[in-house]
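Engineer: If you scroll down you'll find the structure; I have some questions about it.
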Amino acid sequence: MRKTSILFIAGIVIVLALGFLLPWTVRNPFYFFVGYVVLQYVTIATGWNILGGYAGYINFGAAGFFGAGVYLSAFLFTTFGLPLPLCILAAAVFGAVLGLLMGYLTLRIQGVYFAIATLGLVVVLETIVHNISALGGASGMAVYGPRPPAWSPGPSQYNFTIMLVIAVAAVSLARFVEISWIGRGLRAVRASEDAAECSGVPTLRLKLLACALSGAVLAMAGAPYPFYTSFVEPVTAFSLIIGLNAIAMPLIGGTKSWAGPVLGALLLASVQQIATVTISSELNILFVGLVLIAFVAFAPGGLSDLFGRRQGRAKS
Amino acid sequence: MSDTILSLKGVEKHFGSFRALGPVDLDLRVGERLGIIGPNGSGKTTLINCITGVYRPDKGSVHFQDRDISHIEAHKRARLGISRSFQIPRPFTGMTVLENLLVPLDYCQVDGSKEERARSVLASVGLSGRISDPSEKLTQLELRKLELARALVGNPEVLIADEAMAGLSEEEIDEVLAILFALNKSGVAVIMIEHIMHAVMRFSERIVCFETGRLIATGTSSEIAENPLVQKVYFGE
Ligand SMILES: Nc1ncnc2c1ncn2[C@@H]1O[C@H](COP(=O)(O)OP(=O)(O)OP(=O)(O)O)[C@@H](O)[C@H]1O
Ligand SMILES: [Mg+2]
């Protein structure tokens, strides 16, 4: 095994251990309440980047997948009493199918048109949810989450740990894709679809795979959300800020490697959380918009690229 | 099996109402060195795109090793052994030179380790020193070599080089020619599309000339050089 893989696995073990232990040592549940959102965005950014970063297909519809995960999980839990892990799994499968569907309908079109089509997905799904009374329609539905198990001290901590496990799974998946033939094929697609095809790469199938994996992770990010808020409504589940953050975080952190979206999400989501508490949540979107413009204009490779260049210069 | 490896029958390609190519009938023999010449816009690259599957011809059929491949996707044709380089180099940016070659190797069988295979091909085109450099840092000559290396790393049966020598100096042309000759010696049929006349003439056993999408002349280098139709295309009346 590669040395970096060993380091990665060691890192995961430590992070997971912290996720289970910290709730018993840090007393204030507020940190876990905030941490949940940060981890949710780590997952969203990571999922988005599988298609947007590796393959270069910009998906404006992240909120559609997220919202689908939110509602499927809420529905399965309240109606059938499905256990939380199964709700998350079901959301992942649903997100994958949704991703395949979206890919199948839109991947033959290129670039800009693909991006526009993904925007439509959010509108369609939100409208559907609006009109299903079993899902609470426009007024939303209350969800009374499961009691936290004995290994977790309270609901905030429990949701936090669940989200952490999901985030770790998402990042591991992204890293696997990145270092395997899948990532290599997707990078080839991003560089030149024709050259990839003529090198034997089944470009359409690979892109569909990326859509499915990306969709699965995005929907999975939404699955625990009903239990976190105890209430779901279309406006928040399909919120603009989710789609915006999904793009902004990888772009800020860097889209080439799994670490970029993680870094971008940790930074941007933390700042947003602080801003929400201290200033106002309305300013959030404005803030993300400005940061996004700044990065696209001045550091299109994201933070990891900036660091990389620094190091490169220092070495040479 | 016949000694024809690739065969085009009545191939036509239209863009809207404009007929960019055809109808073309053309055979390539096993291990042959075929040159394709013709002025700008005469349909040479379009022909290659029809052979490799980047374009679907509107009419006619393409046969490879006696099998109709007209409806097979481009990546499957590549895996069958039809390989090409691009007129404007298309490196897989964001990857190292070595990883550029690992892409086609992900989809084919080679004896021994894939990385070893990639390294030896890179050595054979003179890119050993660049193995772990990002492909966007290569010079024009190196990019053209990378195109060739990537095209031949999977042991193709046919290699199509689309203006692999455009913009290169005389010495660099000799280098690329040597690579293609060596490849052909190992049994690979090579189609060379080229505007650099002395290079195609030196390389090809047979040359075909295109004009406005049609094949107007076929022959050996000297026959082509003396063909009045070809002279007319290149030198006017
Ligand atoms: N995708 C396309 N859409 C529309 N027209 C095209 C397309 N590709 C090629 N053409 C047209 O088809 C004709 C043949 O082009 P092609 O690229 O095959 O010529 P070529 O012989 O390779 O020329 P060159 O020597 O300049 O490379 C040209 O008139 C070109 O403008
Ligand atoms: Mg051409």
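Starting from 1 in every chain, residues are counted up; chains themselves are A, B, ... following the order of the structure tokens, and ligands are numbered from 1 as listed.
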Give me, as a VMD selection string, the set of residues whose atoms come within 8 Å of any atom of ligand 2, counting only C-alpha atoms and all ligand atoms.
Structural biologist: chain B and resid 40 to 41 43 to 46 87 162 to 163 193
Engineer: Which residues come within 6 Å of region 160-164 of chain A, counting only C-alpha atoms, excluding same-chain residues fewer than 2 positions away, as a ChimeraX atom specification?
Structural biologist: /A:19,32,36,157-158,166-167
Engineer: Go ahead and dump the residues you just picked, N, CA, C and O atoms, as a PDB file, in the first residue's frame.
Structural biologist:
```
ATOM      1  N   GLY A  19     -14.677  11.822  16.877  1.00  0.00           N
ATOM      2  CA  GLY A  19     -16.111  12.002  16.692  1.00  0.00           C
ATOM      3  C   GLY A  19     -16.931  11.282  17.744  1.00  0.00           C
ATOM      4  O   GLY A  19     -18.016  11.726  18.110  1.00  0.00           O
ATOM      5  N   PHE A  32     -21.490  21.130  18.879  1.00  0.00           N
ATOM      6  CA  PHE A  32     -21.865  20.016  18.017  1.00  0.00           C
ATOM      7  C   PHE A  32     -22.974  20.427  17.063  1.00  0.00           C
ATOM      8  O   PHE A  32     -23.061  19.948  15.936  1.00  0.00           O
ATOM      9  N   TYR A  36     -22.085  20.199  13.181  1.00  0.00           N
ATOM     10  CA  TYR A  36     -22.903  19.409  12.259  1.00  0.00           C
ATOM     11  C   TYR A  36     -22.985  20.088  10.896  1.00  0.00           C
ATOM     12  O   TYR A  36     -22.787  19.458   9.856  1.00  0.00           O
ATOM     13  N   GLN A 157     -25.144  15.904  19.875  1.00  0.00           N
ATOM     14  CA  GLN A 157     -23.912  15.134  19.754  1.00  0.00           C
ATOM     15  C   GLN A 157     -24.103  13.939  18.834  1.00  0.00           C
ATOM     16  O   GLN A 157     -23.229  13.600  18.022  1.00  0.00           O
ATOM     17  N   TYR A 158     -25.269  13.306  18.968  1.00  0.00           N
ATOM     18  CA  TYR A 158     -25.564  12.142  18.138  1.00  0.00           C
ATOM     19  C   TYR A 158     -25.594  12.522  16.657  1.00  0.00           C
ATOM     20  O   TYR A 158     -24.945  11.900  15.814  1.00  0.00           O
ATOM     21  N   ILE A 166     -20.692  10.109   8.022  1.00  0.00           N
ATOM     22  CA  ILE A 166     -21.060  10.313   6.614  1.00  0.00           C
ATOM     23  C   ILE A 166     -19.968  11.094   5.883  1.00  0.00           C
ATOM     24  O   ILE A 166     -19.556  10.737   4.776  1.00  0.00           O
ATOM     25  N   ALA A 167     -19.481  12.152   6.524  1.00  0.00           N
ATOM     26  CA  ALA A 167     -18.437  12.976   5.890  1.00  0.00           C
ATOM     27  C   ALA A 167     -17.183  12.157   5.631  1.00  0.00           C
ATOM     28  O   ALA A 167     -16.571  12.242   4.557  1.00  0.00           O
TER      29      ALA A 167
END
```
Engineer: What are the residues of chain B that have an atom within 10 Å of an atom of chain A, counting only C-alpha atoms, as number ranges by chain?
Structural biologist: B: 49, 52-54, 73-86, 89-95, 99-108, 147, 150-154
Engineer: Which neighbours of Ala246 (chain A) fall inside 10 Å, counting only C-alpha atoms, when residues of the same chain fewer than 5 positions from it are skipped, and could you give them as a list in words?
Structural biologist: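 Final neighbour list, sorted by chain and number: Tyr41, Val42, Thr43, Ile44, Ala45, Thr46, Gly47, Trp48, Asn49, Gly52, Asn59, Phe60, Gly61, Ala62, Ala63, Leu218, Ile241, Leu251, Pro261, Gly264 and Ala265 of chain A.
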Engineer: Which residue gives the smallest distance to ligand 1 among B:Val176, B:Ala164, B:Ala225, B:Leu138, with only C-alpha atoms and all ligand atoms counted?
Structural biologist: B:Ala164
Engineer: Residues of region 162-237 of chain B classed as alpha helix (DSSP H) by DSSP on the backbone are to be reported as a ChimeraX atom specification.
Structural biologist: /B:170-185,197-203,221-226,228-235
Engineer: Ranking B:Asp111, B:Glu194, B:Asp133, B:Glu226 by minimum distance to ligand 1 and counting only C-alpha atoms and all ligand atoms, which one comes first?
Structural biologist: B:Glu194
